[in-house]
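Source file: data-v3.cif. Holds: mmCIF, C-alpha atoms and all ligand atoms.
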data_target
#
loop_
_atom_site.label_atom_id
_atom_site.label_comp_id
_atom_site.auth_asym_id
_atom_site.auth_seq_id
_atom_site.Cartn_x
_atom_site.Cartn_y
_atom_site.Cartn_z
CA MET A 103 -43.68 36.53 4.34
CA SER A 104 -42.10 35.45 7.58
CA ASP A 105 -39.38 32.80 7.74
CA SER A 106 -41.63 30.46 9.70
CA ILE A 107 -44.17 30.45 6.85
CA LEU A 108 -41.46 30.02 4.19
CA ASP A 109 -39.95 27.18 6.21
CA LEU A 110 -43.15 25.22 5.69
CA PHE A 111 -42.10 24.79 2.05
CA LYS A 112 -38.76 23.26 2.96
CA GLU A 113 -38.24 19.56 2.94
CA ASN A 114 -38.64 18.06 6.37
CA GLN A 115 -35.03 17.42 7.38
CA GLU A 116 -35.55 16.77 11.05
CA LYS A 117 -32.91 14.50 12.47
CA ALA A 118 -34.01 11.19 13.90
CA VAL A 119 -33.96 11.25 17.68
CA VAL A 120 -31.69 8.60 19.14
CA ASP A 121 -33.28 6.48 21.83
CA ALA A 122 -30.72 6.56 24.64
CA SER A 123 -32.77 4.61 27.18
CA LYS A 124 -30.45 1.62 26.73
CA LYS A 125 -26.77 2.17 26.11
CA LEU A 126 -24.74 -0.12 23.87
CA ARG A 127 -21.54 -1.28 25.56
CA VAL A 128 -18.73 -0.86 23.05
CA GLY A 129 -15.07 -1.90 23.02
CA ILE A 130 -12.28 -0.78 20.72
CA ILE A 131 -9.70 -3.30 19.49
CA GLY A 132 -6.48 -1.61 18.37
CA THR A 133 -5.88 1.90 19.65
CA GLY A 134 -3.73 3.33 16.87
CA TRP A 135 -4.48 6.14 14.46
CA ILE A 136 -7.97 5.26 13.18
CA ALA A 137 -9.23 4.37 16.66
CA ASP A 138 -9.27 8.12 17.36
CA ALA A 139 -11.86 8.64 14.64
CA HIS A 140 -13.99 5.81 16.05
CA MET A 141 -13.76 7.19 19.58
CA GLU A 142 -14.58 10.73 18.47
CA SER A 143 -17.74 9.54 16.73
CA TYR A 144 -18.80 7.14 19.49
CA LYS A 145 -18.48 9.93 22.04
CA LYS A 146 -21.09 11.92 20.12
CA GLN A 147 -23.64 9.11 20.36
CA PRO A 148 -25.99 9.34 23.37
CA ASP A 149 -26.66 5.60 23.37
CA VAL A 150 -23.05 4.40 23.61
CA GLU A 151 -20.80 3.65 26.53
CA ILE A 152 -17.18 2.87 25.68
CA VAL A 153 -16.33 0.23 28.26
CA ALA A 154 -13.07 -1.31 27.05
CA ALA A 155 -10.09 -1.11 24.75
CA ALA A 156 -7.31 -3.49 23.79
CA ASP A 157 -3.93 -3.04 22.20
CA LEU A 158 -0.96 -5.39 21.88
CA VAL A 159 1.43 -2.58 22.84
CA ASP A 160 1.75 -2.35 26.60
CA GLY A 161 0.17 0.87 27.94
CA LYS A 162 -1.17 2.01 24.55
CA ALA A 163 -4.85 1.34 25.29
CA GLU A 164 -4.52 3.05 28.69
CA ALA A 165 -2.89 6.13 27.11
CA PHE A 166 -5.63 6.22 24.48
CA MET A 167 -8.40 6.17 27.09
CA LYS A 168 -6.64 8.82 29.16
CA LYS A 169 -6.30 11.06 26.11
CA TRP A 170 -10.05 10.78 25.49
CA GLY A 171 -10.96 11.14 29.18
CA VAL A 172 -12.84 7.83 29.21
CA GLU A 173 -12.88 5.45 32.17
CA ALA A 174 -12.66 1.97 30.68
CA LYS A 175 -10.95 -1.35 31.19
CA CYS A 176 -7.84 -1.94 29.12
CA TYR A 177 -6.39 -5.20 27.82
CA LEU A 178 -3.33 -6.47 25.99
CA SER A 179 -5.18 -8.33 23.24
CA HIS A 180 -8.57 -8.74 21.66
CA LYS A 181 -8.85 -12.18 23.25
CA GLU A 182 -8.32 -10.94 26.80
CA MET A 183 -10.94 -8.27 26.25
CA LEU A 184 -13.53 -10.50 24.62
CA ASP A 185 -12.98 -13.27 27.18
CA ASP A 186 -13.93 -10.87 30.00
CA GLU A 187 -17.64 -11.56 30.20
CA SER A 188 -18.08 -9.04 33.01
CA LEU A 189 -17.84 -6.33 30.35
CA GLY A 190 -21.15 -7.33 28.76
CA LEU A 191 -19.95 -6.09 25.38
CA ASP A 192 -22.58 -5.45 22.71
CA ALA A 193 -20.25 -4.32 19.94
CA VAL A 194 -16.63 -3.73 19.01
CA SER A 195 -14.75 -1.65 16.49
CA VAL A 196 -11.85 -3.60 15.02
CA CYS A 197 -9.22 -0.92 14.37
CA THR A 198 -6.16 -3.15 14.14
CA TYR A 199 -3.76 -3.37 11.20
CA ASN A 200 -4.96 -5.52 8.28
CA ARG A 201 -3.18 -8.74 9.27
CA THR A 202 -5.18 -9.10 12.49
CA HIS A 203 -8.59 -8.03 11.11
CA ALA A 204 -9.73 -11.60 10.54
CA GLU A 205 -8.73 -13.09 13.89
CA CYS A 206 -10.22 -10.17 15.86
CA ALA A 207 -13.48 -10.09 13.88
CA ILE A 208 -13.94 -13.87 14.05
CA TYR A 209 -13.21 -14.01 17.77
CA ALA A 210 -15.69 -11.21 18.48
CA LEU A 211 -18.44 -12.73 16.33
CA ASN A 212 -17.90 -16.11 17.98
CA LYS A 213 -18.43 -14.36 21.31
CA GLY A 214 -21.77 -13.00 20.06
CA VAL A 215 -20.61 -9.41 19.68
CA HIS A 216 -21.51 -7.07 16.77
CA VAL A 217 -18.47 -5.98 14.74
CA LEU A 218 -17.58 -2.82 12.86
CA LEU A 219 -14.49 -3.93 10.96
CA GLU A 220 -12.16 -1.36 9.43
CA LYS A 221 -11.35 -1.56 5.73
CA PRO A 222 -9.88 -3.44 3.95
CA MET A 223 -11.98 -6.34 5.20
CA CYS A 224 -8.81 -8.43 5.65
CA VAL A 225 -5.79 -9.52 3.59
CA THR A 226 -6.82 -12.72 1.76
CA LEU A 227 -9.98 -14.15 0.25
CA ASP A 228 -9.72 -17.19 2.55
CA GLU A 229 -9.82 -14.90 5.58
CA ALA A 230 -12.87 -13.08 4.19
CA VAL A 231 -14.67 -16.41 3.80
CA GLU A 232 -13.85 -17.40 7.39
CA ILE A 233 -15.08 -14.03 8.70
CA ILE A 234 -18.39 -14.43 6.85
CA LYS A 235 -18.82 -17.97 8.19
CA ALA A 236 -18.42 -16.60 11.72
CA GLU A 237 -20.86 -13.79 10.95
CA LYS A 238 -23.49 -16.21 9.64
CA ALA A 239 -23.08 -18.53 12.63
CA SER A 240 -23.36 -15.65 15.10
CA GLY A 241 -26.35 -13.84 13.63
CA LYS A 242 -24.63 -10.61 14.67
CA VAL A 243 -24.06 -7.46 12.62
CA LEU A 244 -20.80 -7.24 10.70
CA SER A 245 -20.25 -4.02 8.78
CA ILE A 246 -17.07 -3.04 6.92
CA GLY A 247 -15.76 0.49 7.45
CA PHE A 248 -16.23 2.11 4.04
CA GLN A 249 -17.46 5.56 5.10
CA PRO A 250 -17.29 7.08 1.56
CA ARG A 251 -20.42 5.06 0.81
CA LEU A 252 -22.33 7.56 2.94
CA ASP A 253 -21.20 10.59 0.94
CA GLU A 254 -24.02 12.09 -1.15
CA ASN A 255 -21.81 12.46 -4.23
CA MET A 256 -20.79 8.82 -4.01
CA LYS A 257 -24.46 7.90 -3.65
CA MET A 258 -25.16 9.96 -6.78
CA ILE A 259 -22.94 7.63 -8.84
CA LYS A 260 -25.19 4.73 -7.90
CA LYS A 261 -28.34 6.79 -8.48
CA ILE A 262 -27.15 7.68 -12.00
CA VAL A 263 -26.42 4.04 -12.84
CA ASP A 264 -29.72 2.88 -11.30
CA SER A 265 -31.66 5.58 -13.21
CA GLY A 266 -30.75 3.87 -16.48
CA ALA A 267 -29.11 7.04 -17.82
CA LEU A 268 -26.03 5.03 -18.79
CA GLY A 269 -27.95 2.10 -20.28
CA ASP A 270 -26.11 -1.19 -19.87
CA VAL A 271 -22.70 -0.65 -18.30
CA TYR A 272 -19.94 -2.57 -20.10
CA TYR A 273 -16.65 -0.85 -19.15
CA ILE A 274 -15.30 0.78 -16.01
CA GLN A 275 -11.95 2.45 -15.53
CA THR A 276 -11.23 3.27 -11.93
CA GLY A 277 -8.50 4.06 -9.48
CA GLY A 278 -6.65 6.84 -7.81
CA GLY A 279 -3.35 7.55 -6.26
CA ARG A 280 -0.63 9.83 -5.08
CA ARG A 281 2.58 10.96 -6.78
CA ARG A 282 4.33 10.42 -3.46
CA GLY A 283 2.44 9.32 -0.37
CA ILE A 284 3.52 6.08 1.23
CA PRO A 285 1.83 6.26 4.65
CA THR A 286 4.41 6.15 7.44
CA PRO A 287 3.42 9.02 9.76
CA PHE A 288 2.97 6.66 12.73
CA GLY A 289 5.63 4.05 12.00
CA THR A 290 5.69 1.09 9.66
CA THR A 291 2.47 -0.84 10.27
CA PHE A 292 1.15 0.17 6.81
CA ILE A 293 4.25 -0.95 4.93
CA GLU A 294 5.35 -4.18 6.63
CA ASP A 295 4.05 -7.48 5.36
CA LYS A 296 3.60 -8.86 8.87
CA THR A 297 1.18 -6.06 9.84
CA ALA A 298 -0.35 -4.68 6.62
CA GLY A 299 -0.13 -7.69 4.29
CA ILE A 300 -1.26 -5.52 1.36
CA GLY A 301 -0.19 -1.96 0.50
CA ALA A 302 -1.83 0.65 -1.75
CA LEU A 303 -4.05 -2.11 -3.08
CA GLY A 304 -5.73 -2.72 0.27
CA ASP A 305 -5.30 0.71 1.80
CA ILE A 306 -6.78 2.89 -0.94
CA GLY A 307 -7.52 0.51 -3.82
CA CYS A 308 -10.39 -1.04 -1.90
CA TYR A 309 -12.14 2.38 -1.92
CA SER A 310 -11.90 2.79 -5.70
CA LEU A 311 -13.25 -0.70 -6.16
CA ASP A 312 -16.10 -0.11 -3.72
CA MET A 313 -17.07 3.17 -5.38
CA VAL A 314 -17.74 1.54 -8.75
CA LEU A 315 -18.73 -1.98 -7.75
CA ASN A 316 -21.36 -0.65 -5.35
CA ALA A 317 -22.69 1.61 -8.13
CA VAL A 318 -23.18 -1.31 -10.52
CA GLY A 319 -24.59 -3.70 -7.90
CA TYR A 320 -21.45 -5.63 -6.96
CA PRO A 321 -21.35 -8.16 -9.82
CA LYS A 322 -19.27 -11.24 -9.11
CA PRO A 323 -15.69 -10.96 -10.36
CA LEU A 324 -14.72 -13.82 -12.65
CA THR A 325 -11.11 -13.36 -13.80
CA VAL A 326 -8.23 -11.07 -12.90
CA SER A 327 -4.99 -10.17 -14.62
CA GLY A 328 -3.08 -8.26 -11.98
CA TYR A 329 0.20 -6.45 -11.53
CA LYS A 330 1.82 -4.93 -8.45
CA SER A 331 5.15 -3.28 -7.79
CA ASP A 332 7.22 -1.74 -4.99
CA PHE A 333 9.78 0.46 -6.74
CA PHE A 334 9.29 3.47 -4.43
CA GLY A 335 8.69 1.63 -1.18
CA LYS A 336 12.02 -0.15 -1.42
CA GLN A 337 14.03 3.08 -1.97
CA PRO A 338 15.75 4.57 1.13
CA SER A 339 15.41 8.06 -0.47
CA THR A 340 11.59 7.71 -0.19
CA TYR A 341 11.95 8.19 3.59
CA PRO A 342 14.37 11.11 4.12
CA THR A 343 14.15 10.89 7.93
CA HIS A 344 13.86 7.08 8.14
CA PRO A 345 15.85 5.46 5.30
CA GLU A 346 15.77 2.17 7.24
CA TYR A 347 12.04 1.87 6.41
CA ALA A 348 13.06 0.78 2.87
CA ASP A 349 14.25 -2.56 4.23
CA LYS A 350 10.95 -3.05 6.07
CA PHE A 351 8.78 -2.36 3.03
CA GLY A 352 7.05 -5.65 2.23
CA VAL A 353 3.87 -4.69 0.36
CA ASP A 354 2.84 -3.06 -2.95
CA ASP A 355 3.06 0.69 -3.63
CA PHE A 356 1.34 0.39 -7.03
CA ALA A 357 -1.15 -2.09 -8.45
CA ALA A 358 -3.09 -2.44 -11.68
CA ALA A 359 -5.54 -5.00 -13.00
CA PHE A 360 -7.97 -5.97 -15.71
CA VAL A 361 -10.98 -7.70 -14.17
CA ARG A 362 -13.91 -9.42 -15.89
CA LEU A 363 -17.19 -9.22 -13.96
CA GLU A 364 -20.37 -11.22 -14.27
CA GLY A 365 -22.80 -9.55 -16.67
CA GLY A 366 -20.17 -8.71 -19.26
CA ILE A 367 -18.60 -5.72 -17.50
CA VAL A 368 -14.84 -5.24 -17.63
CA LEU A 369 -12.96 -3.24 -15.03
CA ASP A 370 -9.66 -1.52 -15.65
CA PHE A 371 -8.09 -0.55 -12.32
CA ARG A 372 -4.94 1.12 -11.05
CA ILE A 373 -3.92 2.50 -7.66
CA ALA A 374 -0.73 4.06 -6.30
CA TRP A 375 0.86 5.24 -3.10
CA ALA A 376 3.68 6.52 -5.28
CA MET A 377 4.22 6.98 -9.04
CA ASN A 378 5.87 9.35 -11.47
CA ILE A 379 2.68 11.17 -12.39
CA ASP A 380 0.12 13.17 -10.41
CA THR A 381 -2.95 11.08 -11.19
CA PRO A 382 -3.71 7.78 -12.89
CA GLY A 383 -6.81 9.44 -14.38
CA ASP A 384 -10.50 9.82 -13.66
CA THR A 385 -12.94 7.04 -13.05
CA VAL A 386 -15.01 6.40 -16.18
CA ILE A 387 -18.18 4.33 -16.42
CA LEU A 388 -19.27 3.57 -19.99
CA GLY A 389 -22.72 2.33 -20.84
CA THR A 390 -24.74 1.77 -24.00
CA LYS A 391 -26.68 5.04 -23.52
CA GLY A 392 -24.29 7.29 -21.66
CA GLY A 393 -20.94 7.68 -19.96
CA LEU A 394 -19.96 9.12 -16.58
CA ARG A 395 -16.65 10.76 -15.73
CA ILE A 396 -15.81 10.91 -12.01
CA PRO A 397 -12.75 12.77 -10.72
CA SER A 398 -11.44 10.07 -8.39
CA THR A 399 -7.74 10.66 -7.77
CA GLU A 400 -8.34 11.00 -4.01
CA CYS A 401 -11.50 8.94 -3.64
CA TRP A 402 -10.20 7.47 -0.37
CA ASN A 403 -10.80 10.89 1.18
CA GLY A 404 -14.48 10.11 1.21
CA SER A 405 -15.89 11.87 -1.82
CA VAL A 406 -15.42 12.53 -5.50
CA GLY A 407 -12.76 15.10 -6.43
CA GLY A 408 -15.03 17.51 -8.31
CA PRO A 409 -18.24 17.71 -10.32
CA MET A 410 -18.97 14.61 -12.36
CA THR A 411 -19.84 14.78 -16.07
CA LEU A 412 -22.60 12.76 -17.66
CA TYR A 413 -22.19 12.26 -21.42
CA HIS A 414 -25.48 11.45 -23.11
CA GLU A 415 -27.61 12.09 -26.16
CA VAL A 416 -30.63 14.39 -26.34
CA CYS A 417 -32.81 14.00 -29.46
CA GLY A 418 -29.84 12.68 -31.41
CA GLN A 419 -27.55 15.44 -30.18
CA GLN A 420 -24.45 14.41 -28.23
CA THR A 421 -24.37 16.50 -25.11
CA GLN A 422 -22.96 16.56 -21.61
CA THR A 423 -24.31 17.54 -18.21
CA THR A 424 -22.30 18.60 -15.20
CA VAL A 425 -23.49 16.93 -12.04
CA PRO A 426 -22.88 19.50 -9.32
CA LEU A 427 -21.27 18.50 -6.03
CA VAL A 428 -23.71 18.20 -3.15
CA LYS A 429 -23.08 18.57 0.55
CA THR A 430 -23.41 15.62 2.88
CA GLU A 431 -25.11 16.48 6.18
CA GLY A 432 -22.94 15.25 9.03
CA GLY A 433 -19.43 13.83 9.05
CA LEU A 434 -18.92 10.58 7.15
CA PHE A 435 -17.34 8.88 10.16
CA ASP A 436 -20.25 9.90 12.39
CA LEU A 437 -22.65 8.52 9.80
CA LYS A 438 -20.67 5.28 9.60
CA ILE A 439 -20.77 4.79 13.37
CA ARG A 440 -24.44 5.79 13.62
CA SER A 441 -25.55 3.46 10.83
CA PHE A 442 -23.64 0.58 12.44
CA LEU A 443 -25.22 1.26 15.86
CA ASP A 444 -28.70 1.44 14.36
CA ALA A 445 -28.16 -1.89 12.62
CA CYS A 446 -27.12 -3.43 15.96
CA LYS A 447 -30.03 -1.93 17.89
CA TYR A 448 -32.84 -2.48 15.44
CA ASP A 449 -31.67 -5.69 13.77
CA LEU A 450 -31.18 -3.92 10.43
CA PRO A 451 -28.97 -5.16 7.60
CA ALA A 452 -25.32 -4.18 7.89
CA PRO A 453 -24.76 -0.76 6.27
CA VAL A 454 -21.79 -2.17 4.29
CA PRO A 455 -22.48 -5.89 4.01
CA SER A 456 -19.74 -8.50 3.95
CA SER A 457 -21.47 -10.28 1.03
CA GLN A 458 -20.46 -7.33 -1.17
CA ILE A 459 -17.03 -6.74 0.28
CA LEU A 460 -16.24 -10.43 -0.26
CA TYR A 461 -16.03 -9.55 -3.98
CA ASN A 462 -13.88 -6.50 -3.25
CA GLN A 463 -11.53 -8.75 -1.29
CA ALA A 464 -11.59 -11.44 -4.00
CA ILE A 465 -10.34 -8.88 -6.54
CA ILE A 466 -7.58 -7.66 -4.21
CA ASP A 467 -6.54 -11.23 -3.46
CA GLY A 468 -6.74 -12.11 -7.16
CA ILE A 469 -4.52 -9.16 -8.15
CA ALA A 470 -1.88 -10.26 -5.64
CA ARG A 471 -1.97 -13.90 -6.81
CA SER A 472 -2.12 -13.10 -10.52
CA SER A 473 0.79 -10.70 -10.15
CA GLU A 474 2.87 -13.39 -8.47
CA LEU A 475 1.99 -15.93 -11.18
CA GLY A 476 2.47 -13.43 -14.00
CA ARG A 477 -0.77 -14.39 -15.75
CA GLU A 478 -4.55 -14.04 -15.67
CA ILE A 479 -6.35 -16.21 -13.12
CA GLU A 480 -9.91 -17.39 -12.64
CA LEU A 481 -11.42 -16.43 -9.31
CA GLU A 482 -12.99 -19.17 -7.27
CA ILE A 483 -15.17 -17.55 -4.65
CA PRO A 484 -16.81 -20.03 -2.29
CA GLU A 485 -20.52 -19.66 -1.53
CA VAL A 486 -20.75 -18.80 2.15
N1 LIG B 501 -11.72 4.12 7.39
C1 LIG B 501 -10.67 4.92 7.29
O1 LIG B 501 -10.78 6.07 6.90
C2 LIG B 501 -9.33 4.42 7.69
C3 LIG B 501 -8.27 5.32 7.80
C4 LIG B 501 -7.04 4.85 8.23
C5 LIG B 501 -6.87 3.51 8.52
N2 LIG B 501 -7.91 2.65 8.37
C6 LIG B 501 -7.74 1.21 8.64
O2 LIG B 501 -7.70 1.03 10.04
C7 LIG B 501 -6.80 -0.03 10.37
C8 LIG B 501 -5.81 0.46 11.41
O3 LIG B 501 -5.07 1.53 10.90
P1 LIG B 501 -4.22 2.45 11.87
O4 LIG B 501 -3.63 3.52 11.02
O5 LIG B 501 -5.02 2.84 13.05
O6 LIG B 501 -3.06 1.41 12.31
P2 LIG B 501 -2.11 1.49 13.57
O7 LIG B 501 -0.97 0.60 13.25
O8 LIG B 501 -1.85 2.92 13.92
O9 LIG B 501 -2.96 0.86 14.76
C9 LIG B 501 -3.30 -0.49 14.84
C10 LIG B 501 -3.21 -0.92 16.28
O10 LIG B 501 -3.79 -2.21 16.41
C11 LIG B 501 -3.07 -2.90 17.42
N3 LIG B 501 -3.36 -4.33 17.28
C12 LIG B 501 -3.02 -5.17 16.27
N4 LIG B 501 -3.50 -6.40 16.50
C13 LIG B 501 -4.15 -6.36 17.68
C14 LIG B 501 -4.85 -7.32 18.47
N5 LIG B 501 -4.96 -8.59 18.07
N6 LIG B 501 -5.38 -6.95 19.66
C15 LIG B 501 -5.26 -5.66 20.06
N7 LIG B 501 -4.59 -4.71 19.37
C16 LIG B 501 -4.06 -5.04 18.19
C17 LIG B 501 -1.63 -2.50 17.17
O11 LIG B 501 -0.81 -2.73 18.29
C18 LIG B 501 -1.76 -1.03 16.81
O12 LIG B 501 -1.63 -0.19 17.93
C19 LIG B 501 -6.13 -0.47 9.06
O13 LIG B 501 -6.71 -1.66 8.61
C20 LIG B 501 -6.45 0.66 8.10
O14 LIG B 501 -6.62 0.23 6.75
C21 LIG B 501 -9.14 3.08 8.00
#
Whole structure given in structure tokens:
Amino acid sequence: MSDSILDLFKENQEKAVVDASKKLRVGIIGTGWIADAHMESYKKQPDVEIVAAADLVDGKAEAFMKKWGVEAKCYLSHKEMLDDESLGLDAVSVCTYNRTHAECAIYALNKGVHVLLEKPMCVTLDEAVEIIKAEKASGKVLSIGFQPRLDENMKMIKKIVDSGALGDVYYIQTGGGRRRGIPTPFGTTFIEDKTAGIGALGDIGCYSLDMVLNAVGYPKPLTVSGYKSDFFGKQPSTYPTHPEYADKFGVDDFAAAFVRLEGGIVLDFRIAWAMNIDTPGDTVILGTKGGLRIPSTECWNGSVGGPMTLYHEVCGQQTQTTVPLVKTEGGLFDLKIRSFLDACKYDLPAPVPSSQILYNQAIIDGIARSSELGREIELEIPEV
């Protein structure tokens, strides 16, 4: 039988054709490390024109555009760029460090521009609330940059929970981390309080939280007992070539928490940029009918770390099933950019909605506050 006849039995996997008759005019705010990934993906989209970039560092946006061979206007702040109405901006990527996420996102939304905001959403719960108020008032798309959501293995976690195979979920253990891996390849913006605001907790912890909270439908967090520390970040020996970074370290390098969620689920969480062990363990979701083990040590890399195991009962027999890894078609960053653009063009819901990430941010904020107080706290999350 010829291939063409056999192909008729394959699933129709034709890619959607992008309508490029109207180009979206996009600007990039913050031209540091992650802006490269945004630019690379935008350049692949036939319906996008990158028209502007802004960075607080003089000449940085210009150098960025030159590197990518893009002719665009450059500015010294998000305000200057968004105030320039001649640009006719449709959308921006906010690729700044965490401390300026809120001001950039709010300013853009107030100007009537769609926003793709890098993770973590921001630093505090109050900021998240203000961002969502601006989003609601603008009617524009705001999506938060959690590209692992688009990975097929990550989607499988949610499919398994939704299938009912686990029964009622009552306990989740999640997290990940590195034995040594405080991120300073491009300077100190990840480790200084004035730029990052939160450390491992916001940088990689937000991914672990999103992985499991998304799977169980983002129940509202109710209470948090949190802990954070900075034993490695504050040590000059952590930075053999830059011992002076130790004095600049102003965030957490490890965090842990016990969180109670609406619906009777408890969440046991830990995350590390540095610790004296290779992994804080797998993610585990326990339900009344089954349990799921997810290798998650490096979940911030976009996928699960190996095949998952489903523990269940068949005709009274306790058994387990390996859930094989599946391949995701297309790069996760390309999928993140494409899904954001489609939401902007066709008035679709945000691919990663702020209403969910509000709870992610509330937990992060709660861990920081509970750790400072040294006791469990109740979370008060305003209705926005
Ligand atoms: N989704 C991912 O996979 C991923 C990966 C890495 C980083 N990130 C996130 O991306 C964000 C940026 O990370 P990075 O590594 O690129 O940081 P970076 O420090 O390399 O770059 C941030 C840039 O933003 C600029 N900036 C800050 N405030 C600004 C403002 N108001 N106007 C214009 N420019 C401004 C800074 O001058 C700097 O050049 C962080 O929040 C980080 O968590 C996401």
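Using all atoms listed in the file, we find that the residues with an atom at most 6 Å from any atom of ligand LIG 501 (chain B) are Ile131, Gly132, Thr133, Gly134, Trp135, Ile136, Ala137, Ala156, Asp157, Leu158, Val159, Ser179, His180, Cys197, Thr198, Tyr199, Asn200, Thr202, Cys206, Glu220, Lys221, Pro222, Gly247, Phe248, Thr291 and Asp305 of chain A.
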Residues at most 9 Å from A:Val314, counting only C-alpha atoms, excluding those fewer than 5 positions away in the same chain, as a VMD selection string? chain A and resid 259 to 260 274 to 276 309 319 to 320 385 387
May I have the residues within 6 Å of A:Tyr413 as a list of chain:residue names, using all atoms listed in the file and disregarding those fewer than 3 positions away in the same chain? A:Gly392, A:Gly393, A:Gln422
Atom CA of A:Lys146 to atom CA of A:Lys257: how many Å, to one decimal?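 Result for atom CA of A:Lys146 versus atom CA of A:Lys257: 24.3 Å, one decimal.
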Using only C-alpha atoms for the distances, tell me which of A:Leu443, A:Thr399, A:Ala165, A:Gln420 is nearest to A:Ser195. A:Leu443
In Å, rounded to a single decimal, give me how far atom CA of A:Ser143 is from atom CA of A:Asp160.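 Pair atom CA of A:Asp160 / atom CA of A:Ser143 returns 24.9 Å.
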One decimal, Å: what's the distance from atom CA of A:Gly389 over to atom CA of A:Met258, could you say?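 Straight-line distance from atom CA of A:Gly389 to atom CA of A:Met258 works out to 16.2 Å.
Residues with any atom within 7 Å of stretch 429-440 of chain A, counting all atoms listed in the file and excluding same-chain neighbours fewer than 2 positions away, are A:Ser143, A:Tyr144, A:Gln249, A:Pro250, A:Leu252, A:Asp253, A:Glu254, A:Leu427, A:Phe442, A:Leu443, A:Asp444.
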For A:Asn462, list every protein, DNA or RNA residue within 7 Å, evaluated using all atoms listed in the file, and leave out those in the same chain fewer than 2 positions away; present the list as a PyMOL selection string. chain A and resi 308+311-312+458-460+464-466
Within 12 Å of A:Thr297, counting only C-alpha atoms, which residues qualify if same-chain residues fewer than 2 places away don't, as a list in words? Thr198, Tyr199, Asn200, Arg201, Thr202, His203, Cys224, Val225, Gly289, Thr290, Thr291, Phe292, Ile293, Glu294, Asp295, Gly299, Ile300, Gly301, Lys350, Phe351, Gly352 and Val353 of chain A
Output file for the residues above (C-alpha atoms, as a CSV table (one decimal), in the frame of the given file):
chain,number,residue,atom,x,y,z
A,198,THR,CA,-6.2,-3.2,14.1
A,199,TYR,CA,-3.8,-3.4,11.2
A,200,ASN,CA,-5.0,-5.5,8.3
A,201,ARG,CA,-3.2,-8.7,9.3
A,202,THR,CA,-5.2,-9.1,12.5
A,203,HIS,CA,-8.6,-8.0,11.1
A,224,CYS,CA,-8.8,-8.4,5.6
A,225,VAL,CA,-5.8,-9.5,3.6
A,289,GLY,CA,5.6,4.0,12.0
A,290,THR,CA,5.7,1.1,9.7
A,291,THR,CA,2.5,-0.8,10.3
A,292,PHE,CA,1.2,0.2,6.8
A,293,ILE,CA,4.2,-1.0,4.9
A,294,GLU,CA,5.4,-4.2,6.6
A,295,ASP,CA,4.0,-7.5,5.4
A,299,GLY,CA,-0.1,-7.7,4.3
A,300,ILE,CA,-1.3,-5.5,1.4
A,301,GLY,CA,-0.2,-2.0,0.5
A,350,LYS,CA,11.0,-3.0,6.1
A,351,PHE,CA,8.8,-2.4,3.0
A,352,GLY,CA,7.0,-5.6,2.2
A,353,VAL,CA,3.9,-4.7,0.4
Closest to A:Val215 among A:Val271, A:Cys446, A:Leu227, A:Ala358, using only C-alpha atoms? A:Cys446
Counting all atoms listed in the file, figure out which residue out of A:Ser123, A:Thr286, A:Thr390, A:Ser240 gets nearest to A:Trp375.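 Among the listed residues, A:Thr286 lies closest to A:Trp375.
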